[in-house]
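*Asks:* Input file: entry-v2.cif. Contents: mmCIF, N, CA and C atoms and all ligand atoms.
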data_target
loop_
_atom_site.label_atom_id
_atom_site.label_comp_id
_atom_site.auth_asym_id
_atom_site.auth_seq_id
_atom_site.Cartn_x
_atom_site.Cartn_y
_atom_site.Cartn_z
N MET V 1 -10.65 -2.12 5.36
CA MET V 1 -9.65 -3.01 5.95
C MET V 1 -10.15 -3.49 7.31
N ASN V 2 -9.93 -4.78 7.56
CA ASN V 2 -10.35 -5.33 8.84
C ASN V 2 -9.58 -4.67 9.98
N GLU V 3 -10.28 -4.47 11.13
CA GLU V 3 -9.60 -3.93 12.30
C GLU V 3 -8.67 -4.98 12.91
N PHE V 4 -9.10 -6.25 12.81
CA PHE V 4 -8.30 -7.37 13.30
C PHE V 4 -8.20 -8.42 12.20
N CYS V 5 -7.09 -9.14 12.18
CA CYS V 5 -6.93 -10.26 11.25
C CYS V 5 -7.98 -11.31 11.59
N PRO V 6 -8.78 -11.76 10.59
CA PRO V 6 -9.81 -12.76 10.89
C PRO V 6 -9.24 -14.12 11.28
N GLU V 7 -7.98 -14.38 10.98
CA GLU V 7 -7.37 -15.67 11.32
C GLU V 7 -6.77 -15.69 12.72
N CYS V 8 -5.88 -14.72 12.99
CA CYS V 8 -5.10 -14.79 14.24
C CYS V 8 -5.47 -13.68 15.24
N GLY V 9 -6.27 -12.70 14.83
CA GLY V 9 -6.68 -11.65 15.76
C GLY V 9 -5.68 -10.51 15.88
N GLN V 10 -4.63 -10.49 15.07
CA GLN V 10 -3.67 -9.39 15.09
C GLN V 10 -4.37 -8.09 14.71
N ARG V 11 -4.17 -7.03 15.54
CA ARG V 11 -4.71 -5.72 15.18
C ARG V 11 -3.97 -5.23 13.95
N THR V 12 -4.69 -4.66 12.97
CA THR V 12 -4.04 -4.18 11.75
C THR V 12 -3.66 -2.70 11.85
N ASP V 13 -4.39 -1.91 12.63
CA ASP V 13 -4.05 -0.50 12.82
C ASP V 13 -3.32 -0.40 14.15
N ILE V 14 -1.97 -0.57 14.11
CA ILE V 14 -1.25 -0.80 15.35
C ILE V 14 -0.89 0.47 16.10
N GLU V 15 -0.98 1.63 15.48
CA GLU V 15 -0.82 2.88 16.22
C GLU V 15 -1.42 4.02 15.42
N VAL V 16 -1.58 5.17 16.07
CA VAL V 16 -2.22 6.31 15.42
C VAL V 16 -1.39 6.75 14.22
N GLY V 17 -2.03 6.93 13.09
CA GLY V 17 -1.34 7.39 11.89
C GLY V 17 -0.40 6.36 11.29
N PHE V 18 -0.60 5.11 11.66
CA PHE V 18 0.33 4.06 11.23
C PHE V 18 0.45 3.97 9.72
N TYR V 19 -0.65 4.12 9.01
CA TYR V 19 -0.64 3.85 7.57
C TYR V 19 -0.19 5.04 6.72
N TYR V 20 0.25 6.14 7.34
CA TYR V 20 0.85 7.21 6.52
C TYR V 20 2.04 6.66 5.75
N GLY V 21 2.82 5.77 6.40
CA GLY V 21 4.01 5.21 5.76
C GLY V 21 3.69 4.34 4.56
N ALA V 22 2.46 3.82 4.50
CA ALA V 22 2.08 2.97 3.36
C ALA V 22 2.08 3.77 2.06
N ALA V 23 2.01 5.10 2.17
CA ALA V 23 2.05 5.94 0.96
C ALA V 23 3.39 5.77 0.24
N TYR V 24 4.46 5.58 1.01
CA TYR V 24 5.77 5.40 0.38
C TYR V 24 5.84 4.06 -0.34
N VAL V 25 5.23 3.03 0.25
CA VAL V 25 5.18 1.72 -0.41
C VAL V 25 4.34 1.83 -1.67
N SER V 26 3.20 2.51 -1.57
CA SER V 26 2.32 2.69 -2.71
C SER V 26 3.04 3.45 -3.83
N TYR V 27 3.81 4.47 -3.44
CA TYR V 27 4.57 5.24 -4.42
C TYR V 27 5.57 4.35 -5.14
N ALA V 28 6.32 3.53 -4.40
CA ALA V 28 7.31 2.63 -5.01
C ALA V 28 6.63 1.65 -5.96
N LEU V 29 5.48 1.10 -5.55
CA LEU V 29 4.75 0.17 -6.42
C LEU V 29 4.28 0.88 -7.69
N THR V 30 3.78 2.12 -7.52
CA THR V 30 3.29 2.88 -8.66
C THR V 30 4.41 3.16 -9.66
N VAL V 31 5.60 3.53 -9.16
CA VAL V 31 6.74 3.78 -10.04
C VAL V 31 7.12 2.49 -10.76
N ALA V 32 7.16 1.36 -10.03
CA ALA V 32 7.53 0.09 -10.65
C ALA V 32 6.54 -0.30 -11.75
N ILE V 33 5.24 -0.12 -11.49
CA ILE V 33 4.22 -0.45 -12.49
C ILE V 33 4.35 0.48 -13.69
N SER V 34 4.62 1.77 -13.43
CA SER V 34 4.76 2.72 -14.53
C SER V 34 5.96 2.39 -15.40
N VAL V 35 7.07 2.01 -14.78
CA VAL V 35 8.26 1.62 -15.55
C VAL V 35 7.94 0.38 -16.39
N ALA V 36 7.27 -0.60 -15.78
CA ALA V 36 6.92 -1.83 -16.51
C ALA V 36 5.98 -1.52 -17.67
N SER V 37 4.99 -0.66 -17.45
CA SER V 37 4.04 -0.36 -18.54
C SER V 37 4.73 0.48 -19.62
N PHE V 38 5.69 1.31 -19.22
CA PHE V 38 6.44 2.08 -20.21
C PHE V 38 7.26 1.15 -21.10
N ILE V 39 7.92 0.17 -20.49
CA ILE V 39 8.73 -0.79 -21.26
C ILE V 39 7.82 -1.60 -22.19
N ALA V 40 6.67 -2.04 -21.67
CA ALA V 40 5.73 -2.81 -22.49
C ALA V 40 5.22 -1.96 -23.64
N TRP V 41 4.91 -0.69 -23.36
CA TRP V 41 4.43 0.22 -24.42
C TRP V 41 5.53 0.42 -25.46
N TYR V 42 6.76 0.57 -25.01
CA TYR V 42 7.90 0.79 -25.90
C TYR V 42 8.09 -0.41 -26.83
N ILE V 43 7.91 -1.62 -26.29
CA ILE V 43 8.11 -2.84 -27.07
C ILE V 43 6.94 -3.07 -28.04
N PHE V 44 5.70 -2.95 -27.52
CA PHE V 44 4.54 -3.36 -28.33
C PHE V 44 3.96 -2.23 -29.18
N VAL V 45 4.08 -0.98 -28.75
CA VAL V 45 3.52 0.14 -29.51
C VAL V 45 4.64 0.98 -30.10
N GLY V 46 5.67 1.20 -29.32
CA GLY V 46 6.79 2.01 -29.79
C GLY V 46 6.65 3.45 -29.36
N ILE V 47 7.76 4.11 -29.23
CA ILE V 47 7.79 5.52 -28.84
C ILE V 47 8.74 6.23 -29.79
N SER V 48 8.28 7.34 -30.32
CA SER V 48 9.07 8.08 -31.29
C SER V 48 8.91 9.56 -31.05
N SER V 49 9.92 10.34 -31.42
CA SER V 49 9.80 11.80 -31.32
C SER V 49 9.03 12.37 -32.50
N ASP V 50 8.66 11.51 -33.48
CA ASP V 50 7.97 11.98 -34.68
C ASP V 50 6.45 11.97 -34.54
N ASP V 51 5.91 11.33 -33.49
CA ASP V 51 4.46 11.29 -33.33
C ASP V 51 4.10 11.42 -31.85
N ASN V 52 2.82 11.19 -31.55
CA ASN V 52 2.33 11.42 -30.18
C ASN V 52 2.07 10.13 -29.43
N ARG V 53 2.77 9.05 -29.75
CA ARG V 53 2.50 7.78 -29.08
C ARG V 53 2.84 7.82 -27.59
N ILE V 54 3.74 8.70 -27.21
CA ILE V 54 4.08 8.83 -25.78
C ILE V 54 2.85 9.29 -24.97
N PHE V 55 2.00 10.13 -25.60
CA PHE V 55 0.79 10.58 -24.89
C PHE V 55 -0.20 9.43 -24.72
N GLY V 56 -0.19 8.51 -25.69
CA GLY V 56 -1.01 7.30 -25.55
C GLY V 56 -0.59 6.51 -24.32
N TRP V 57 0.72 6.41 -24.11
CA TRP V 57 1.20 5.71 -22.92
C TRP V 57 0.81 6.46 -21.65
N LEU V 58 0.94 7.77 -21.67
CA LEU V 58 0.58 8.57 -20.48
C LEU V 58 -0.88 8.33 -20.09
N ILE V 59 -1.77 8.34 -21.09
CA ILE V 59 -3.20 8.11 -20.80
C ILE V 59 -3.42 6.67 -20.35
N PHE V 60 -2.80 5.72 -21.06
CA PHE V 60 -2.92 4.31 -20.69
C PHE V 60 -2.43 4.08 -19.26
N ASN V 61 -1.26 4.63 -18.95
CA ASN V 61 -0.68 4.41 -17.62
C ASN V 61 -1.54 5.06 -16.53
N GLY V 62 -2.05 6.25 -16.82
CA GLY V 62 -2.93 6.91 -15.85
C GLY V 62 -4.17 6.09 -15.55
N LEU V 63 -4.80 5.55 -16.61
CA LEU V 63 -5.99 4.72 -16.42
C LEU V 63 -5.63 3.42 -15.71
N LEU V 64 -4.48 2.84 -16.08
CA LEU V 64 -4.05 1.59 -15.42
C LEU V 64 -3.88 1.80 -13.92
N LEU V 65 -3.22 2.89 -13.54
CA LEU V 65 -2.99 3.15 -12.11
C LEU V 65 -4.30 3.45 -11.39
N LEU V 66 -5.21 4.13 -12.08
CA LEU V 66 -6.52 4.43 -11.50
C LEU V 66 -7.30 3.14 -11.24
N ILE V 67 -7.27 2.23 -12.21
CA ILE V 67 -7.99 0.95 -12.07
C ILE V 67 -7.34 0.10 -10.98
N LEU V 68 -6.02 0.14 -10.88
CA LEU V 68 -5.31 -0.67 -9.90
C LEU V 68 -5.33 -0.07 -8.50
N GLN V 69 -5.83 1.16 -8.35
CA GLN V 69 -5.73 1.86 -7.07
C GLN V 69 -6.31 1.09 -5.88
N PRO V 70 -7.50 0.49 -6.00
CA PRO V 70 -8.00 -0.27 -4.83
C PRO V 70 -7.06 -1.40 -4.42
N TRP V 71 -6.50 -2.09 -5.39
CA TRP V 71 -5.54 -3.16 -5.09
C TRP V 71 -4.24 -2.58 -4.55
N LEU V 72 -3.75 -1.51 -5.18
CA LEU V 72 -2.49 -0.90 -4.75
C LEU V 72 -2.55 -0.43 -3.30
N MET V 73 -3.67 0.20 -2.94
CA MET V 73 -3.82 0.71 -1.58
C MET V 73 -3.75 -0.44 -0.57
N ARG V 74 -4.45 -1.52 -0.89
CA ARG V 74 -4.49 -2.65 0.05
C ARG V 74 -3.15 -3.37 0.13
N ILE V 75 -2.51 -3.61 -1.01
CA ILE V 75 -1.23 -4.33 -0.98
C ILE V 75 -0.15 -3.46 -0.33
N ALA V 76 -0.22 -2.13 -0.53
CA ALA V 76 0.76 -1.24 0.11
C ALA V 76 0.60 -1.28 1.63
N ARG V 77 -0.65 -1.28 2.10
CA ARG V 77 -0.89 -1.37 3.54
C ARG V 77 -0.42 -2.70 4.10
N THR V 78 -0.65 -3.78 3.34
CA THR V 78 -0.23 -5.10 3.79
C THR V 78 1.29 -5.19 3.86
N ILE V 79 1.99 -4.66 2.85
CA ILE V 79 3.46 -4.68 2.85
C ILE V 79 3.97 -3.83 4.01
N TRP V 80 3.37 -2.64 4.21
CA TRP V 80 3.79 -1.76 5.31
C TRP V 80 3.62 -2.44 6.66
N LEU V 81 2.48 -3.10 6.84
CA LEU V 81 2.23 -3.81 8.10
C LEU V 81 3.23 -4.94 8.29
N SER V 82 3.61 -5.61 7.20
CA SER V 82 4.54 -6.74 7.32
C SER V 82 5.94 -6.27 7.72
N PHE V 83 6.25 -4.99 7.52
CA PHE V 83 7.54 -4.46 7.99
C PHE V 83 7.60 -4.44 9.52
N PHE V 84 6.45 -4.30 10.17
CA PHE V 84 6.42 -4.07 11.61
C PHE V 84 5.87 -5.25 12.41
N VAL V 85 5.06 -6.08 11.78
CA VAL V 85 4.50 -7.24 12.46
C VAL V 85 5.06 -8.47 11.78
N LYS V 86 5.94 -9.18 12.49
CA LYS V 86 6.58 -10.35 11.91
C LYS V 86 5.68 -11.57 12.07
N TYR V 87 5.82 -12.48 11.13
CA TYR V 87 5.04 -13.72 11.18
C TYR V 87 5.52 -14.58 12.33
N ASN V 88 4.58 -15.04 13.14
CA ASN V 88 4.89 -15.93 14.24
C ASN V 88 4.37 -17.32 13.88
N PRO V 89 5.27 -18.29 13.62
CA PRO V 89 4.79 -19.63 13.23
C PRO V 89 3.95 -20.31 14.31
N ARG V 90 4.07 -19.82 15.57
CA ARG V 90 3.27 -20.41 16.66
C ARG V 90 2.10 -19.50 17.01
N TRP V 91 1.47 -18.87 16.00
CA TRP V 91 0.42 -17.88 16.25
C TRP V 91 -0.81 -18.47 16.90
N LYS V 92 -1.01 -19.81 16.74
CA LYS V 92 -2.21 -20.40 17.36
C LYS V 92 -2.07 -20.48 18.87
N GLU V 93 -0.83 -20.70 19.35
CA GLU V 93 -0.60 -20.80 20.79
C GLU V 93 -0.32 -19.43 21.42
N GLU V 94 0.35 -18.55 20.67
CA GLU V 94 0.76 -17.25 21.22
C GLU V 94 -0.07 -16.14 20.57
N PRO V 95 -1.01 -15.56 21.31
CA PRO V 95 -1.83 -14.49 20.73
C PRO V 95 -0.97 -13.26 20.42
N PRO V 96 -1.39 -12.45 19.44
CA PRO V 96 -0.59 -11.27 19.07
C PRO V 96 -0.49 -10.29 20.23
N ALA V 97 0.68 -9.64 20.34
CA ALA V 97 0.91 -8.65 21.39
C ALA V 97 0.11 -7.38 21.10
N VAL V 98 -0.32 -6.74 22.17
CA VAL V 98 -1.01 -5.46 22.04
C VAL V 98 0.03 -4.36 22.22
N ALA V 99 0.05 -3.41 21.29
CA ALA V 99 1.02 -2.32 21.37
C ALA V 99 0.76 -1.50 22.63
N ALA V 100 1.84 -1.22 23.39
CA ALA V 100 1.70 -0.52 24.67
C ALA V 100 1.24 0.92 24.49
N LYS V 101 1.61 1.54 23.37
CA LYS V 101 1.29 2.96 23.16
C LYS V 101 -0.09 3.16 22.56
N LEU V 102 -0.77 2.06 22.24
CA LEU V 102 -2.01 2.17 21.49
C LEU V 102 -3.14 2.78 22.32
N LEU V 103 -3.74 3.83 21.80
CA LEU V 103 -4.94 4.41 22.38
C LEU V 103 -6.05 4.18 21.37
N VAL V 104 -6.91 3.21 21.66
CA VAL V 104 -7.91 2.78 20.69
C VAL V 104 -8.80 3.94 20.26
N GLU V 105 -9.10 4.85 21.20
CA GLU V 105 -10.01 5.96 20.86
C GLU V 105 -9.37 6.95 19.89
N GLN V 106 -8.03 6.90 19.73
CA GLN V 106 -7.38 7.80 18.79
C GLN V 106 -7.22 7.20 17.40
N LEU V 107 -7.50 5.92 17.25
CA LEU V 107 -7.32 5.28 15.95
C LEU V 107 -8.25 5.92 14.93
N GLY V 108 -7.73 6.08 13.72
CA GLY V 108 -8.52 6.68 12.66
C GLY V 108 -8.47 8.19 12.69
N ALA V 109 -7.85 8.78 13.72
CA ALA V 109 -7.76 10.23 13.78
C ALA V 109 -6.72 10.72 12.77
N ALA V 110 -7.07 11.73 12.01
CA ALA V 110 -6.15 12.23 10.98
C ALA V 110 -5.04 13.06 11.62
N VAL V 111 -5.34 13.76 12.70
CA VAL V 111 -4.38 14.66 13.32
C VAL V 111 -4.41 14.39 14.83
N THR V 112 -3.23 14.29 15.43
CA THR V 112 -3.19 14.18 16.89
C THR V 112 -2.71 15.51 17.47
N VAL V 113 -3.34 15.92 18.52
CA VAL V 113 -3.01 17.20 19.16
C VAL V 113 -2.48 16.91 20.56
N ASN V 114 -1.30 17.42 20.85
CA ASN V 114 -0.75 17.26 22.19
C ASN V 114 -1.14 18.48 23.02
N SER V 115 -1.81 18.25 24.14
CA SER V 115 -2.22 19.37 24.97
C SER V 115 -1.34 19.46 26.20
ZN ZN J 201 -3.31 -13.01 10.98
#
Output the file's structure in the form of structure tokens.

*Replies:*
Amino acid sequence: MNEFCPECGQRTDIEVGFYYGAAYVSYALTVAISVASFIAWYIFVGISSDDNRIFGWLIFNGLLLLILQPWLMRIARTIWLSFFVKYNPRWKEEPPAVAAKLLVEQLGAAVTVNS
């Protein structure tokens, strides 16, 4: 992921541990995709208690989510960032604000320790 938006210069990692919340977005997207693939499997393949077609869906859905993971991770981060950074239609004249709490040297740190 770019550190800054190549168009407007907005920092994408706006505070330490910012993207932990993107996991919740990713989870919601994963559930939505799984429900959609389950419905599609139910319509096109069918699900019955008399055979093992449900396991076919489980394997299919697992592979689908695995293949979609690079896209899911990026779109979840983008959606999460859009919750906190609003679009400014005058972005060419007004440069993006720098977060006051941001400590650049702490970015990317998995754990912060208060001493
Ligand atoms: Zn931008």

*Asks:* Enter the distance from atom N of Asn88 of chain V to atom CA of Val25 of chain V, in Å, rounded to one decimal.

*Replies:* 21.6 Å

*Asks:* Could you tell me, counting only N, CA and C atoms and all ligand atoms, which protein and nucleic acid residues lie no more than 6.5 Å from ligand ZN 201 (chain J), written as an mmCIF file with N, CA and C atoms, keeping the file's coordinate frame?

*Replies:*
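Done, and the output landed in out.cif:
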data_model
loop_
_atom_site.group_PDB
_atom_site.id
_atom_site.type_symbol
_atom_site.label_atom_id
_atom_site.label_comp_id
_atom_site.auth_asym_id
_atom_site.auth_seq_id
_atom_site.Cartn_x
_atom_site.Cartn_y
_atom_site.Cartn_z
ATOM 1 N N CYS V 5 -7.090 -9.140 12.180
ATOM 2 C CA CYS V 5 -6.930 -10.260 11.250
ATOM 3 C C CYS V 5 -7.980 -11.310 11.590
ATOM 4 N N PRO V 6 -8.780 -11.760 10.590
ATOM 5 C CA PRO V 6 -9.810 -12.760 10.890
ATOM 6 C C PRO V 6 -9.240 -14.120 11.280
ATOM 7 N N GLU V 7 -7.980 -14.380 10.980
ATOM 8 C CA GLU V 7 -7.370 -15.670 11.320
ATOM 9 C C GLU V 7 -6.770 -15.690 12.720
ATOM 10 N N CYS V 8 -5.880 -14.720 12.990
ATOM 11 C CA CYS V 8 -5.100 -14.790 14.240
ATOM 12 C C CYS V 8 -5.470 -13.680 15.240
ATOM 13 N N GLY V 9 -6.270 -12.700 14.830
ATOM 14 C CA GLY V 9 -6.680 -11.650 15.760
ATOM 15 C C GLY V 9 -5.680 -10.510 15.880
ATOM 16 N N GLN V 10 -4.630 -10.490 15.070
ATOM 17 C CA GLN V 10 -3.670 -9.390 15.090
ATOM 18 C C GLN V 10 -4.370 -8.090 14.710
#

*Asks:* Could you check the closest approach to Trp41 of chain V for each of V:Tyr87, V:Trp57, V:Met1, V:Gln69 and tell me which residue wins, using all atoms listed in the file?

*Replies:*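 When distances to Trp41 of chain V are compared using all atoms listed in the file, the smallest one comes from V:Trp57.
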
*Asks:* Pick from V:Ala76, V:Ile39, V:Ala97, V:Val85: nearest to Tyr27 of chain V, with only C-alpha atoms counted?

*Replies:*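 Smallest separation from Tyr27 of chain V among the options: V:Ala76.
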
*Asks:* Between atom CA of Tyr42 of chain V and atom CA of Leu72 of chain V, what distance in Å does the model show, to one decimal?

*Replies:*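 About the pair atom CA of Tyr42 of chain V and atom CA of Leu72 of chain V: they are 23.6 Å apart.
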
*Asks:* Could you tell me how far atom CA of Val35 of chain V sits from atom CA of Tyr20 of chain V, in Å to one decimal place?

*Replies:*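 Taking atom CA of Tyr20 of chain V as the start and atom CA of Val35 of chain V as the end point, the length is 23.9 Å.
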
*Asks:* Step one, run DSSP on the backbone; step two, keep only residues of chain V assigned to helix (DSSP H, G or I); then write them as a short mmCIF file (atom, residue, chain, number, x, y, z; two decimals) with N, CA and C atoms, in the frame of the given file.

*Replies:*
data_model
loop_
_atom_site.label_atom_id
_atom_site.label_comp_id
_atom_site.auth_asym_id
_atom_site.auth_seq_id
_atom_site.Cartn_x
_atom_site.Cartn_y
_atom_site.Cartn_z
N PHE V 18 -0.60 5.11 11.66
CA PHE V 18 0.33 4.06 11.23
C PHE V 18 0.45 3.97 9.72
N TYR V 19 -0.65 4.12 9.01
CA TYR V 19 -0.64 3.85 7.57
C TYR V 19 -0.19 5.04 6.72
N TYR V 20 0.25 6.14 7.34
CA TYR V 20 0.85 7.21 6.52
C TYR V 20 2.04 6.66 5.75
N GLY V 21 2.82 5.77 6.40
CA GLY V 21 4.01 5.21 5.76
C GLY V 21 3.69 4.34 4.56
N ALA V 22 2.46 3.82 4.50
CA ALA V 22 2.08 2.97 3.36
C ALA V 22 2.08 3.77 2.06
N ALA V 23 2.01 5.10 2.17
CA ALA V 23 2.05 5.94 0.96
C ALA V 23 3.39 5.77 0.24
N TYR V 24 4.46 5.58 1.01
CA TYR V 24 5.77 5.40 0.38
C TYR V 24 5.84 4.06 -0.34
N VAL V 25 5.23 3.03 0.25
CA VAL V 25 5.18 1.72 -0.41
C VAL V 25 4.34 1.83 -1.67
N SER V 26 3.20 2.51 -1.57
CA SER V 26 2.32 2.69 -2.71
C SER V 26 3.04 3.45 -3.83
N TYR V 27 3.81 4.47 -3.44
CA TYR V 27 4.57 5.24 -4.42
C TYR V 27 5.57 4.35 -5.14
N ALA V 28 6.32 3.53 -4.40
CA ALA V 28 7.31 2.63 -5.01
C ALA V 28 6.63 1.65 -5.96
N LEU V 29 5.48 1.10 -5.55
CA LEU V 29 4.75 0.17 -6.42
C LEU V 29 4.28 0.88 -7.69
N THR V 30 3.78 2.12 -7.52
CA THR V 30 3.29 2.88 -8.66
C THR V 30 4.41 3.16 -9.66
N VAL V 31 5.60 3.53 -9.16
CA VAL V 31 6.74 3.78 -10.04
C VAL V 31 7.12 2.49 -10.76
N ALA V 32 7.16 1.36 -10.03
CA ALA V 32 7.53 0.09 -10.65
C ALA V 32 6.54 -0.30 -11.75
N ILE V 33 5.24 -0.12 -11.49
CA ILE V 33 4.22 -0.45 -12.49
C ILE V 33 4.35 0.48 -13.69
N SER V 34 4.62 1.77 -13.43
CA SER V 34 4.76 2.72 -14.53
C SER V 34 5.96 2.39 -15.40
N VAL V 35 7.07 2.01 -14.78
CA VAL V 35 8.26 1.62 -15.55
C VAL V 35 7.94 0.38 -16.39
N ALA V 36 7.27 -0.60 -15.78
CA ALA V 36 6.92 -1.83 -16.51
C ALA V 36 5.98 -1.52 -17.67
N SER V 37 4.99 -0.66 -17.45
CA SER V 37 4.04 -0.36 -18.54
C SER V 37 4.73 0.48 -19.62
N PHE V 38 5.69 1.31 -19.22
CA PHE V 38 6.44 2.08 -20.21
C PHE V 38 7.26 1.15 -21.10
N ILE V 39 7.92 0.17 -20.49
CA ILE V 39 8.73 -0.79 -21.26
C ILE V 39 7.82 -1.60 -22.19
N ALA V 40 6.67 -2.04 -21.67
CA ALA V 40 5.73 -2.81 -22.49
C ALA V 40 5.22 -1.96 -23.64
N TRP V 41 4.91 -0.69 -23.36
CA TRP V 41 4.43 0.22 -24.42
C TRP V 41 5.53 0.42 -25.46
N TYR V 42 6.76 0.57 -25.01
CA TYR V 42 7.90 0.79 -25.90
C TYR V 42 8.09 -0.41 -26.83
N ILE V 43 7.91 -1.62 -26.29
CA ILE V 43 8.11 -2.84 -27.07
C ILE V 43 6.94 -3.07 -28.04
N PHE V 44 5.70 -2.95 -27.52
CA PHE V 44 4.54 -3.36 -28.33
C PHE V 44 3.96 -2.23 -29.18
N ARG V 53 2.77 9.05 -29.75
CA ARG V 53 2.50 7.78 -29.08
C ARG V 53 2.84 7.82 -27.59
N ILE V 54 3.74 8.70 -27.21
CA ILE V 54 4.08 8.83 -25.78
C ILE V 54 2.85 9.29 -24.97
N PHE V 55 2.00 10.13 -25.60
CA PHE V 55 0.79 10.58 -24.89
C PHE V 55 -0.20 9.43 -24.72
N GLY V 56 -0.19 8.51 -25.69
CA GLY V 56 -1.01 7.30 -25.55
C GLY V 56 -0.59 6.51 -24.32
N TRP V 57 0.72 6.41 -24.11
CA TRP V 57 1.20 5.71 -22.92
C TRP V 57 0.81 6.46 -21.65
N LEU V 58 0.94 7.77 -21.67
CA LEU V 58 0.58 8.57 -20.48
C LEU V 58 -0.88 8.33 -20.09
N ILE V 59 -1.77 8.34 -21.09
CA ILE V 59 -3.20 8.11 -20.80
C ILE V 59 -3.42 6.67 -20.35
N PHE V 60 -2.80 5.72 -21.06
CA PHE V 60 -2.92 4.31 -20.69
C PHE V 60 -2.43 4.08 -19.26
N ASN V 61 -1.26 4.63 -18.95
CA ASN V 61 -0.68 4.41 -17.62
C ASN V 61 -1.54 5.06 -16.53
N GLY V 62 -2.05 6.25 -16.82
CA GLY V 62 -2.93 6.91 -15.85
C GLY V 62 -4.17 6.09 -15.55
N LEU V 63 -4.80 5.55 -16.61
CA LEU V 63 -5.99 4.72 -16.42
C LEU V 63 -5.63 3.42 -15.71
N LEU V 64 -4.48 2.84 -16.08
CA LEU V 64 -4.05 1.59 -15.42
C LEU V 64 -3.88 1.80 -13.92
N LEU V 65 -3.22 2.89 -13.54
CA LEU V 65 -2.99 3.15 -12.11
C LEU V 65 -4.30 3.45 -11.39
N LEU V 66 -5.21 4.13 -12.08
CA LEU V 66 -6.52 4.43 -11.50
C LEU V 66 -7.30 3.14 -11.24
N ILE V 67 -7.27 2.23 -12.21
CA ILE V 67 -7.99 0.95 -12.07
C ILE V 67 -7.34 0.10 -10.98
N LEU V 68 -6.02 0.14 -10.88
CA LEU V 68 -5.31 -0.67 -9.90
C LEU V 68 -5.33 -0.07 -8.50
N GLN V 69 -5.83 1.16 -8.35
CA GLN V 69 -5.73 1.86 -7.07
C GLN V 69 -6.31 1.09 -5.88
N PRO V 70 -7.50 0.49 -6.00
CA PRO V 70 -8.00 -0.27 -4.83
C PRO V 70 -7.06 -1.40 -4.42
N TRP V 71 -6.50 -2.09 -5.39
CA TRP V 71 -5.54 -3.16 -5.09
C TRP V 71 -4.24 -2.58 -4.55
N LEU V 72 -3.75 -1.51 -5.18
CA LEU V 72 -2.49 -0.90 -4.75
C LEU V 72 -2.55 -0.43 -3.30
N MET V 73 -3.67 0.20 -2.94
CA MET V 73 -3.82 0.71 -1.58
C MET V 73 -3.75 -0.44 -0.57
N ARG V 74 -4.45 -1.52 -0.89
CA ARG V 74 -4.49 -2.65 0.05
C ARG V 74 -3.15 -3.37 0.13
N ILE V 75 -2.51 -3.61 -1.01
CA ILE V 75 -1.23 -4.33 -0.98
C ILE V 75 -0.15 -3.46 -0.33
N ALA V 76 -0.22 -2.13 -0.53
CA ALA V 76 0.76 -1.24 0.11
C ALA V 76 0.60 -1.28 1.63
N ARG V 77 -0.65 -1.28 2.10
CA ARG V 77 -0.89 -1.37 3.54
C ARG V 77 -0.42 -2.70 4.10
N THR V 78 -0.65 -3.78 3.34
CA THR V 78 -0.23 -5.10 3.79
C THR V 78 1.29 -5.19 3.86
N ILE V 79 1.99 -4.66 2.85
CA ILE V 79 3.46 -4.68 2.85
C ILE V 79 3.97 -3.83 4.01
N TRP V 80 3.37 -2.64 4.21
CA TRP V 80 3.79 -1.76 5.31
C TRP V 80 3.62 -2.44 6.66
N LEU V 81 2.48 -3.10 6.84
CA LEU V 81 2.23 -3.81 8.10
C LEU V 81 3.23 -4.94 8.29
N SER V 82 3.61 -5.61 7.20
CA SER V 82 4.54 -6.74 7.32
C SER V 82 5.94 -6.27 7.72
N PHE V 83 6.25 -4.99 7.52
CA PHE V 83 7.54 -4.46 7.99
C PHE V 83 7.60 -4.44 9.52
N PHE V 84 6.45 -4.30 10.17
CA PHE V 84 6.42 -4.07 11.61
C PHE V 84 5.87 -5.25 12.41
N VAL V 104 -6.91 3.21 21.66
CA VAL V 104 -7.91 2.78 20.69
C VAL V 104 -8.80 3.94 20.26
N GLU V 105 -9.10 4.85 21.20
CA GLU V 105 -10.01 5.96 20.86
C GLU V 105 -9.37 6.95 19.89
N GLN V 106 -8.03 6.90 19.73
CA GLN V 106 -7.38 7.80 18.79
C GLN V 106 -7.22 7.20 17.40
#

*Asks:* Give me the residues within 9 Å of Asp13 of chain V as a list of chain:residue names, counting only C-alpha atoms and dropping any in the same chain fewer than 3 places off.

*Replies:*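 My list of contacting residues is V:Asn2, V:Glu3, V:Phe4, V:Val16, V:Gly17, V:Phe18, V:Tyr19, V:Leu81, V:Leu107, V:Gly108.
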
*Asks:* Can I get the selected residues back with N, CA and C atoms, as a CSV table (one decimal), in the frame of the given file?

*Replies:*
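Here's the written file out-v1.csv:
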chain,number,residue,atom,x,y,z
V,2,ASN,N,-9.9,-4.8,7.6
V,2,ASN,CA,-10.4,-5.3,8.8
V,2,ASN,C,-9.6,-4.7,10.0
V,3,GLU,N,-10.3,-4.5,11.1
V,3,GLU,CA,-9.6,-3.9,12.3
V,3,GLU,C,-8.7,-5.0,12.9
V,4,PHE,N,-9.1,-6.2,12.8
V,4,PHE,CA,-8.3,-7.4,13.3
V,4,PHE,C,-8.2,-8.4,12.2
V,16,VAL,N,-1.6,5.2,16.1
V,16,VAL,CA,-2.2,6.3,15.4
V,16,VAL,C,-1.4,6.8,14.2
V,17,GLY,N,-2.0,6.9,13.1
V,17,GLY,CA,-1.3,7.4,11.9
V,17,GLY,C,-0.4,6.4,11.3
V,18,PHE,N,-0.6,5.1,11.7
V,18,PHE,CA,0.3,4.1,11.2
V,18,PHE,C,0.4,4.0,9.7
V,19,TYR,N,-0.6,4.1,9.0
V,19,TYR,CA,-0.6,3.8,7.6
V,19,TYR,C,-0.2,5.0,6.7
V,81,LEU,N,2.5,-3.1,6.8
V,81,LEU,CA,2.2,-3.8,8.1
V,81,LEU,C,3.2,-4.9,8.3
V,107,LEU,N,-7.5,5.9,17.2
V,107,LEU,CA,-7.3,5.3,16.0
V,107,LEU,C,-8.2,5.9,14.9
V,108,GLY,N,-7.7,6.1,13.7
V,108,GLY,CA,-8.5,6.7,12.7
V,108,GLY,C,-8.5,8.2,12.7
